[in-house]
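S.K.: Have a look at the structure that comes next, please.
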Amino acid sequence: MSKLIVSEIGPASSVQDGGRHGAQRYGLTPSGAMDQLALAAANVLVGNTPFAAAIEIGPFGAAFTAREGAVRVAVAGASRNTDISGSAVALDASMTLADGQTLTLGFARGGSFSYLAIEGGITGEPMFGSLAVNARAGLGSPYPRPLQAGDQLQTPPASGAPERRIDLAAPPEGPIRLVMGPQDDEFSEEEKKLFLDSEWKISATSDRMGYRLEGPIIKHLHGHNIVSDGTVNGSIQVPGNGAPIVLMPDRGTSGGYPKIATVITADLGRFAQIPAGKSFRFKTVSMAEAQAEARNFAQLLRTLPDRLRSMDQFDLNIEALSDANVAGAAVSAVDASTWQIPSPADALAPD
Amino acid sequence: MVQTLSAPRILPSGDSAITVEFSRDIDDGANKRVLALDRTLANEPVPGVTETVPTYRSLLVHYDPLLVDFDTLREKLLALANLPVPPTIKTRRWRIPVVYGGEHGIDLEDVAKTLKTTSDDIVERHVRGDYRVAMIGFTPGWSYLSGLDNSLHMPRRQNPRLLTPAGTISIGGVQTGVQCLAGPSGWHLLGRTAVRTYQLHRDPIFLLEPGDHVTFSPVDAKTFAEQDRAAEGGEIVAELMAA
């Protein structure tokens, strides 16, 4: 076995996977990755099943060192400066750390979470079919808590398979899409309009249980206490102070505040990646559109392996190019290296 | 006499879950219908339904929109919810030992004072109750029980406590509850049980099911301490009276 040592890590970083399902009736929340698409992309890059356990890395930087053998990894999700022993490496790509080499990730830019998948997966003891950390319930393996510097993850040695990159279309821009309900009738038409027409920001006090929203106060029609009922990922509940909270994968399984609307499945990861303090808007869609988008999203997840490319094979991808331009680096359509590898200028670019 | 059932409200909880709401209030009849629909879905699985979560007044039905769409599932759930509630469904009955008052139930005396009676009388009223697990939620194993004596209904604390002990038995509003993990609570703490409603590496991991019946039996502090050690070692400690 090889080991990946956590050399440095910030808060809000833990082992996560597709989550543990089926025990919400006992009060056990599913947990799992905040951005399932990024998790799946990282896993597919190293040949794992899409929802295998990986390291979810919060907005701060992190560093990982291979020991007792080489370790093959891939990083997807939020944009960051990434290097192996000082040489810049590309995101959305696999890479092999030789014994003793260190992979260093900078602060997240334009996103909040990255996923570091390890070829062969993370060795641990699944509970309810999952290694995902749920610290309150004492669940998660190999550590039932967020990761700390010094933690060691056991993993099979690197296979020596050729490195791959993955062509992910740029995530859709625009408002976060919602289906109204289940308790939108607890709010007047004016308050619903205020909720939908306003600009919102995610509060810095947000976490894996819920994202607190900063914006106008949303008033209830009949007070803020309802008899508790079940919650889902993306439930938007409005507590007594009128500041909505979007429930995330470590949510309570039931809640006693009216839920005005629910984020659609296809936008949950995109929403989770919005950095604290950045403005965004909501928009309602019909149930038919939300379910069509959920099917498209599932299709995207299923077909991720078709998007794998060898490292020397570049498609002219207009979306990726414009993405790179947004990130602030100088990009040449004919020189792939300018948009494949983050340049030092990238680090200084404002978001 | 034929009882006409009112149709539940079918509320969308996003694109992958439906809330089947039988009442807006805590209502014993509604809870029975929630549990009946939950059981129906367990006995005759509906394609696409992945998980159900019973609460006091509604059943949350998680589903896979790749396998069934909202309109189809809505019609199916409405039809199933309108089936008559079976008169008696086989339920389990548990007896849960509780040490009341003192350091284990720090609000018992205040509750007695507020209700102008003695601590012993409060314990007697709480022990007399025949409770049903209406729902489990919030944190793993937190079991909300219906059937609390009217004379024990009282508002929750003005200031919730940030940390209350594992195994706490408390009352709040019209409910009583068995709390498994240490955590925040705004309820009035009457006592503690050694019973773990949630314990990893024990079979079963979750002891209580929604719909189970529960009674409490008082034990002294010494017995609680012994039972707590046994429970730590994986013993269930609660007595299964009938199944």
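In the structure tokens, each chain is lettered A, B, ... as it comes, each chain's residues begin at 1, and ligands are numbered from 1 in order of appearance.
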Taking only C-alpha atoms into account and nothing else, which residues of chain B lie no more than 6 Å away from chain A? Please answer as a VMD selection string.
M.R.: chain B and resid 11 to 15 51 53 55 60 66 136 to 141
S.K.: Take the residues from that selection and put them in a file with C-alpha atoms, as a short mmCIF file (atom, residue, chain, number, x, y, z; two decimals), in the first residue's frame.
M.R.:
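Output file part32.cif follows:
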data_model
loop_
_atom_site.label_atom_id
_atom_site.label_comp_id
_atom_site.auth_asym_id
_atom_site.auth_seq_id
_atom_site.Cartn_x
_atom_site.Cartn_y
_atom_site.Cartn_z
CA LEU B 11 -46.39 19.23 -2.43
CA PRO B 12 -43.25 19.27 -4.57
CA SER B 13 -39.97 19.22 -2.60
CA GLY B 14 -37.77 19.92 -5.59
CA ASP B 15 -37.52 17.62 -8.61
CA GLU B 51 -36.56 6.41 0.37
CA VAL B 53 -39.25 9.77 5.69
CA THR B 55 -42.97 12.87 10.12
CA LEU B 60 -41.56 12.73 2.42
CA LEU B 66 -35.20 9.15 -14.26
CA ILE B 136 -37.38 10.20 14.07
CA GLY B 137 -35.46 13.21 12.89
CA PHE B 138 -33.14 16.14 13.47
CA THR B 139 -30.17 13.97 14.52
CA PRO B 140 -29.73 10.18 14.35
CA GLY B 141 -32.13 8.34 16.65
#
S.K.: Check segment 111-348 of chain A with DSSP on the backbone and list each residue it calls helix (DSSP H, G or I), as an mmCIF file with C-alpha atoms, in the first residue's frame.
M.R.:
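After the write, out04.cif holds the following:
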data_model
loop_
_atom_site.group_PDB
_atom_site.id
_atom_site.type_symbol
_atom_site.label_atom_id
_atom_site.label_comp_id
_atom_site.auth_asym_id
_atom_site.auth_seq_id
_atom_site.Cartn_x
_atom_site.Cartn_y
_atom_site.Cartn_z
ATOM 1 C CA ALA A 135 -18.925 14.406 12.293
ATOM 2 C CA ARG A 136 -22.072 14.919 14.379
ATOM 3 C CA ALA A 137 -23.116 11.286 13.943
ATOM 4 C CA ASP A 184 -44.557 28.608 -0.645
ATOM 5 C CA ASP A 185 -48.169 29.182 0.473
ATOM 6 C CA GLU A 186 -46.719 30.391 3.811
ATOM 7 C CA GLU A 189 -47.159 37.019 -3.476
ATOM 8 C CA GLU A 190 -45.154 40.188 -2.651
ATOM 9 C CA GLU A 191 -42.698 38.270 -0.450
ATOM 10 C CA LYS A 192 -42.251 35.540 -3.078
ATOM 11 C CA LYS A 193 -41.601 38.238 -5.683
ATOM 12 C CA LEU A 194 -39.078 39.899 -3.346
ATOM 13 C CA PHE A 195 -37.345 36.544 -2.878
ATOM 14 C CA LEU A 196 -37.177 35.841 -6.631
ATOM 15 C CA ASP A 197 -36.317 39.381 -7.788
ATOM 16 C CA THR A 265 -30.857 18.797 -8.630
ATOM 17 C CA ALA A 266 -28.904 19.944 -11.692
ATOM 18 C CA ASP A 267 -27.926 23.221 -9.965
ATOM 19 C CA LEU A 268 -27.039 21.917 -6.465
ATOM 20 C CA GLY A 269 -23.314 21.602 -7.192
ATOM 21 C CA ARG A 270 -23.156 24.908 -9.041
ATOM 22 C CA PHE A 271 -24.891 26.557 -6.079
ATOM 23 C CA ALA A 272 -22.536 24.888 -3.563
ATOM 24 C CA MET A 287 -41.429 20.828 -12.593
ATOM 25 C CA ALA A 288 -41.203 19.470 -16.160
ATOM 26 C CA GLU A 289 -38.123 21.600 -16.881
ATOM 27 C CA ALA A 290 -36.503 20.724 -13.519
ATOM 28 C CA GLN A 291 -36.990 17.001 -14.173
ATOM 29 C CA ALA A 292 -35.717 17.291 -17.759
ATOM 30 C CA GLU A 293 -32.605 19.052 -16.364
ATOM 31 C CA ALA A 294 -32.211 16.317 -13.722
ATOM 32 C CA ARG A 295 -32.243 13.710 -16.507
ATOM 33 C CA ASN A 296 -29.689 15.707 -18.537
ATOM 34 C CA PHE A 297 -27.494 16.015 -15.458
ATOM 35 C CA ALA A 298 -27.681 12.265 -14.797
ATOM 36 C CA GLN A 299 -26.780 11.670 -18.448
ATOM 37 C CA LEU A 300 -23.764 13.988 -18.086
ATOM 38 C CA LEU A 301 -22.589 12.077 -15.005
ATOM 39 C CA ARG A 302 -23.054 8.735 -16.766
ATOM 40 C CA LEU A 304 -18.122 11.393 -18.096
ATOM 41 C CA PRO A 305 -15.782 8.581 -19.236
ATOM 42 C CA ASP A 306 -16.533 9.597 -22.870
ATOM 43 C CA ARG A 307 -15.026 12.988 -22.080
ATOM 44 C CA ILE A 318 -14.578 27.390 -27.282
ATOM 45 C CA GLU A 319 -16.213 27.136 -23.862
ATOM 46 C CA ALA A 320 -12.974 26.141 -22.187
ATOM 47 C CA LEU A 321 -11.197 28.981 -23.960
ATOM 48 C CA SER A 322 -13.691 31.579 -22.866
ATOM 49 C CA ASP A 323 -13.521 30.078 -19.378
ATOM 50 C CA ALA A 324 -9.798 30.528 -19.301
ATOM 51 C CA ASN A 325 -10.208 34.103 -20.493
ATOM 52 C CA VAL A 326 -12.669 34.794 -17.698
ATOM 53 C CA SER A 337 -0.321 25.435 -23.152
ATOM 54 C CA THR A 338 -1.629 28.922 -22.439
ATOM 55 C CA TRP A 339 -5.041 27.638 -21.448
ATOM 56 C CA GLN A 340 -4.255 24.161 -20.186
ATOM 57 C CA PRO A 344 1.488 32.658 -12.624
ATOM 58 C CA ALA A 345 -0.594 35.589 -13.903
ATOM 59 C CA ASP A 346 -3.641 33.510 -13.109
ATOM 60 C CA ALA A 347 -2.843 33.650 -9.425
ATOM 61 C CA LEU A 348 -3.043 37.418 -9.369
#
S.K.: Which neighbours of segment 5-13 of chain A fall inside 6 Å, counting only C-alpha atoms, when residues of the same chain fewer than 6 positions from it are skipped, and could you give them as a CSV table (one decimal) with C-alpha atoms, in the first residue's frame?
M.R.:
chain,number,residue,atom,x,y,z
A,56,GLU,CA,-13.4,17.4,-0.5
A,57,ILE,CA,-11.1,20.4,-0.1
A,58,GLY,CA,-12.7,23.6,1.2
A,60,PHE,CA,-8.4,27.2,1.7
A,62,ALA,CA,-3.9,22.2,1.0
A,63,ALA,CA,-0.9,20.0,0.4
A,64,PHE,CA,-0.6,16.2,0.1
A,65,THR,CA,2.5,14.1,0.0
A,146,PRO,CA,-12.7,16.8,9.0
A,147,LEU,CA,-9.2,16.1,7.9
A,149,ALA,CA,-2.6,17.9,8.9
A,150,GLY,CA,-0.8,14.7,9.6
A,151,ASP,CA,-3.7,12.4,8.6
A,152,GLN,CA,-2.7,9.4,6.4
S.K.: Give me, as number ranges by chain, all polymer residues having an atom no more than 10 Å from segment 225-236 of chain B, counting only C-alpha atoms and skipping those fewer than 6 positions away in the same chain.
M.R.: B: 96-97, 99, 167, 193-197, 199-205, 207, 219
S.K.: List as a list in words the protein and nucleic acid residues near Asp110 of chain B, meaning an atom at most 9 Å away when only C-alpha atoms are counted, but skip any in the same chain fewer than 4 places from it.
M.R.: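 Close residues of Asp110 of chain B: Ile106, Thr114, Leu115, Ser119 and His188 of chain B.
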S.K.: Leaving out Glu119 of chain A and any residue of its chain fewer than 3 positions from it, which residues lie within 10 Å of it when counting only C-alpha atoms, given as a list in words?
M.R.: Ala42, Asn43, Val44, Leu45, Val46, Gly47, Asn48, Ala54, Val71, Arg72, Val73, Ala74, Ser94, Met95, Thr96, Leu116, Ile122, Thr155, Pro156, Pro157, Ala158, Ser159 and Ala161 of chain A
S.K.: Output N, CA and C atoms of each residue in that selection to a file, as a PDB file, in the first residue's frame.
M.R.:
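See result27.pdb below for the written result:
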ATOM      1  N   ALA A  42     -13.355  13.935 -10.951  1.00  0.00           N
ATOM      2  CA  ALA A  42     -12.057  13.565 -10.365  1.00  0.00           C
ATOM      3  C   ALA A  42     -11.918  12.043 -10.312  1.00  0.00           C
ATOM      4  N   ASN A  43     -12.986  11.367  -9.913  1.00  0.00           N
ATOM      5  CA  ASN A  43     -12.918   9.903  -9.805  1.00  0.00           C
ATOM      6  C   ASN A  43     -12.731   9.236 -11.164  1.00  0.00           C
ATOM      7  N   VAL A  44     -13.483   9.701 -12.161  1.00  0.00           N
ATOM      8  CA  VAL A  44     -13.412   9.090 -13.487  1.00  0.00           C
ATOM      9  C   VAL A  44     -12.001   9.250 -14.071  1.00  0.00           C
ATOM     10  N   LEU A  45     -11.365  10.378 -13.754  1.00  0.00           N
ATOM     11  CA  LEU A  45     -10.005  10.631 -14.266  1.00  0.00           C
ATOM     12  C   LEU A  45      -8.997   9.574 -13.818  1.00  0.00           C
ATOM     13  N   VAL A  46      -9.195   9.017 -12.629  1.00  0.00           N
ATOM     14  CA  VAL A  46      -8.244   8.006 -12.144  1.00  0.00           C
ATOM     15  C   VAL A  46      -8.849   6.600 -12.215  1.00  0.00           C
ATOM     16  N   GLY A  47      -9.942   6.456 -12.983  1.00  0.00           N
ATOM     17  CA  GLY A  47     -10.496   5.123 -13.217  1.00  0.00           C
ATOM     18  C   GLY A  47     -11.361   4.582 -12.102  1.00  0.00           C
ATOM     19  N   ASN A  48     -11.754   5.441 -11.142  1.00  0.00           N
ATOM     20  CA  ASN A  48     -12.644   4.999 -10.061  1.00  0.00           C
ATOM     21  C   ASN A  48     -14.097   5.082 -10.517  1.00  0.00           C
ATOM     22  N   ALA A  54     -13.543  10.547  -2.039  1.00  0.00           N
ATOM     23  CA  ALA A  54     -12.430  11.405  -2.420  1.00  0.00           C
ATOM     24  C   ALA A  54     -12.289  12.463  -1.331  1.00  0.00           C
ATOM     25  N   VAL A  71       1.590   7.622  -5.857  1.00  0.00           N
ATOM     26  CA  VAL A  71       0.135   7.733  -5.716  1.00  0.00           C
ATOM     27  C   VAL A  71      -0.392   8.520  -6.918  1.00  0.00           C
ATOM     28  N   ARG A  72      -1.393   7.961  -7.601  1.00  0.00           N
ATOM     29  CA  ARG A  72      -1.975   8.666  -8.752  1.00  0.00           C
ATOM     30  C   ARG A  72      -3.264   9.336  -8.308  1.00  0.00           C
ATOM     31  N   VAL A  73      -3.373  10.617  -8.606  1.00  0.00           N
ATOM     32  CA  VAL A  73      -4.520  11.404  -8.142  1.00  0.00           C
ATOM     33  C   VAL A  73      -5.061  12.252  -9.286  1.00  0.00           C
ATOM     34  N   ALA A  74      -6.223  12.857  -9.063  1.00  0.00           N
ATOM     35  CA  ALA A  74      -6.766  13.845  -9.990  1.00  0.00           C
ATOM     36  C   ALA A  74      -7.511  14.889  -9.175  1.00  0.00           C
ATOM     37  N   SER A  94      -5.460  13.949 -14.428  1.00  0.00           N
ATOM     38  CA  SER A  94      -4.814  13.039 -13.478  1.00  0.00           C
ATOM     39  C   SER A  94      -3.328  13.355 -13.422  1.00  0.00           C
ATOM     40  N   MET A  95      -2.646  12.885 -12.400  1.00  0.00           N
ATOM     41  CA  MET A  95      -1.204  13.113 -12.223  1.00  0.00           C
ATOM     42  C   MET A  95      -0.684  12.080 -11.242  1.00  0.00           C
ATOM     43  N   THR A  96       0.573  11.761 -11.342  1.00  0.00           N
ATOM     44  CA  THR A  96       1.140  10.771 -10.436  1.00  0.00           C
ATOM     45  C   THR A  96       2.203  11.430  -9.568  1.00  0.00           C
ATOM     46  N   LEU A 116     -10.144  15.845  -4.648  1.00  0.00           N
ATOM     47  CA  LEU A 116      -8.934  15.121  -4.968  1.00  0.00           C
ATOM     48  C   LEU A 116      -9.265  13.632  -4.874  1.00  0.00           C
ATOM     49  N   ILE A 122     -10.006   5.399  -1.531  1.00  0.00           N
ATOM     50  CA  ILE A 122      -9.485   5.573  -0.172  1.00  0.00           C
ATOM     51  C   ILE A 122      -9.858   4.325   0.608  1.00  0.00           C
ATOM     52  N   THR A 155      -3.828   3.791   0.346  1.00  0.00           N
ATOM     53  CA  THR A 155      -4.343   3.649  -0.998  1.00  0.00           C
ATOM     54  C   THR A 155      -3.480   2.672  -1.772  1.00  0.00           C
ATOM     55  N   PRO A 156      -4.056   1.969  -2.778  1.00  0.00           N
ATOM     56  CA  PRO A 156      -3.221   1.093  -3.591  1.00  0.00           C
ATOM     57  C   PRO A 156      -2.155   1.919  -4.320  1.00  0.00           C
ATOM     58  N   PRO A 157      -0.993   1.307  -4.627  1.00  0.00           N
ATOM     59  CA  PRO A 157       0.042   2.065  -5.339  1.00  0.00           C
ATOM     60  C   PRO A 157      -0.413   2.447  -6.746  1.00  0.00           C
ATOM     61  N   ALA A 158       0.207   3.509  -7.304  1.00  0.00           N
ATOM     62  CA  ALA A 158      -0.151   3.999  -8.638  1.00  0.00           C
ATOM     63  C   ALA A 158       0.031   2.899  -9.668  1.00  0.00           C
ATOM     64  N   SER A 159      -0.902   2.821 -10.620  1.00  0.00           N
ATOM     65  CA  SER A 159      -0.881   1.746 -11.619  1.00  0.00           C
ATOM     66  C   SER A 159       0.091   2.027 -12.747  1.00  0.00           C
ATOM     67  N   ALA A 161      -0.843   3.905 -15.221  1.00  0.00           N
ATOM     68  CA  ALA A 161      -1.696   4.159 -16.399  1.00  0.00           C
ATOM     69  C   ALA A 161      -1.397   5.552 -16.940  1.00  0.00           C
TER      70      ALA A 161
END
S.K.: Which residues are close to Leu80 of chain B, i.e. within 8 Å by only C-alpha atoms, leaving aside same-chain residues fewer than 4 positions away? Reply as an NGL selection string.
M.R.: :B and (37 or 40 or 76)
S.K.: Of the candidates A:Ala90, A:Met248, A:Ile166, A:Met34, which shows the shortest atom-to-atom distance to Ser112 of chain A, using only C-alpha atoms?
M.R.: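 Looking at the shortest contact to Ser112 of chain A, the residue is A:Met34.
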S.K.: Record the distance separating atom CA of Thr49 of chain A and atom CA of Arg177 of chain A, expressed in Å with one decimal.
M.R.: 28.2 Å
